[in-house]
Amino acid sequence: IVRFGLEKGAPFHLTWSCYKGQKYPCGKCGTCTERLEAFTVNRTMDPVLPEKLDTIIESLRLLLVNEKISPADFDWAVKTYTLAEATRI
């Protein structure tokens with residue numbers, strides 16, 4: 001779905017599927033981690049992830065341990081989100 005949306009220019013910054021129903025996605029629930037997985041395997045940052053880098057990396061580690069993403073995808077995502085965090089400061 002993410003790949004198709006990227007090809008069609010879907011406004012992902014306007015969407016999320018968090019179970020928590022808050023203003024912003026939690027980054028930890030099942031749908032948040034599935035979404036993170038989909039963006040990661042497509043080597044694209046999720047534009048609505050929480051700004052807490054530790055939450056993102058924790059979710060990425062779980063995806064890696066459960067073999068949902070490859071070690072290369074994990075490394076790419078950690079570098080990408082860490083760089084984004086550094087430039088936001």
# chains A, B, ... in the order shown; residues from 1 in each chain; ligands from 1
$ residues_around --residues "Leu14 (chain A)" --least-positions-apart "6" --cutoff "12 Å" --atoms "only C-alpha atoms" --output "PyMOL selection string"
chain A and resi 23-25+46-49
$ closest_residue --among "A:Ala84, A:Leu36, A:Val65, A:Val78" --to "Glu51 (chain A)" --atoms "only C-alpha atoms"
A:Ala84
$ select_by_dssp --residues "chain A" --states "helix (DSSP H, G or I)" --output "number ranges by chain"
A: 2-8, 12-14, 30-41, 53-65, 71-88
$ residues_around --residues "Gly21 (chain A)" --least-positions-apart "6" --cutoff "12 Å" --atoms "only C-alpha atoms" --output "VMD selection string"
chain A and resid 27 29 31 to 32
$ residues_around --residues "Trp76 (chain A)" --least-positions-apart "3" --cutoff "12 Å" --atoms "only C-alpha atoms" --output "MDAnalysis selection string"
chainID A and resid 39:45 57 60 69:73 79:83
$ closest_residue --among "A:Lys68, A:Leu62, A:Gln22, A:Ala10" --to "Glu37 (chain A)" --atoms "only C-alpha atoms"
A:Lys68
$ closest_residue --among "A:Ile56, A:Leu6, A:Ala38, A:Ile1" --to "Cys26 (chain A)" --atoms "only C-alpha atoms"
A:Ile56
$ atom_distance --atom1 "CA of Thr33 (chain A)" --atom2 "CA of Ser59 (chain A)"
6.2 Å
$ atom_distance --atom1 "CA of Tyr19 (chain A)" --atom2 "CA of Val2 (chain A)"
18.9 Å
$ decode --residues "region 46-77 of chain A" --atoms "C-alpha atoms" --output "PDB file, in the first residue's frame"
ATOM      1  CA  ASP A  46       6.897   8.039   7.759  1.00  0.00           C
ATOM      2  CA  PRO A  47       5.946  11.726   7.853  1.00  0.00           C
ATOM      3  CA  VAL A  48       3.721  11.429  10.946  1.00  0.00           C
ATOM      4  CA  LEU A  49       5.803   9.346  13.329  1.00  0.00           C
ATOM      5  CA  PRO A  50       6.201  10.691  16.845  1.00  0.00           C
ATOM      6  CA  GLU A  51       9.160  13.000  17.231  1.00  0.00           C
ATOM      7  CA  LYS A  52      10.551  10.808  20.000  1.00  0.00           C
ATOM      8  CA  LEU A  53      13.531   9.073  18.418  1.00  0.00           C
ATOM      9  CA  ASP A  54      13.705   6.498  21.226  1.00  0.00           C
ATOM     10  CA  THR A  55      10.139   5.356  20.447  1.00  0.00           C
ATOM     11  CA  ILE A  56      10.936   4.971  16.753  1.00  0.00           C
ATOM     12  CA  ILE A  57      14.130   3.009  17.410  1.00  0.00           C
ATOM     13  CA  GLU A  58      12.385   0.788  19.966  1.00  0.00           C
ATOM     14  CA  SER A  59       9.717  -0.070  17.377  1.00  0.00           C
ATOM     15  CA  LEU A  60      12.374  -0.676  14.713  1.00  0.00           C
ATOM     16  CA  ARG A  61      14.224  -3.066  17.048  1.00  0.00           C
ATOM     17  CA  LEU A  62      11.040  -5.063  17.585  1.00  0.00           C
ATOM     18  CA  LEU A  63      10.503  -5.266  13.842  1.00  0.00           C
ATOM     19  CA  LEU A  64      14.087  -6.460  13.375  1.00  0.00           C
ATOM     20  CA  VAL A  65      13.887  -9.066  16.164  1.00  0.00           C
ATOM     21  CA  ASN A  66      10.621 -10.379  14.730  1.00  0.00           C
ATOM     22  CA  GLU A  67      12.220 -10.483  11.254  1.00  0.00           C
ATOM     23  CA  LYS A  68       9.715  -8.024   9.789  1.00  0.00           C
ATOM     24  CA  ILE A  69      12.541  -5.853   8.440  1.00  0.00           C
ATOM     25  CA  SER A  70      16.055  -6.748   7.339  1.00  0.00           C
ATOM     26  CA  PRO A  71      19.210  -5.636   9.144  1.00  0.00           C
ATOM     27  CA  ALA A  72      19.937  -3.351   6.170  1.00  0.00           C
ATOM     28  CA  ASP A  73      16.477  -1.769   6.456  1.00  0.00           C
ATOM     29  CA  PHE A  74      16.996  -1.346  10.203  1.00  0.00           C
ATOM     30  CA  ASP A  75      20.350   0.378   9.684  1.00  0.00           C
ATOM     31  CA  TRP A  76      18.896   2.654   7.000  1.00  0.00           C
ATOM     32  CA  ALA A  77      15.941   3.636   9.197  1.00  0.00           C
TER      33      ALA A  77
END
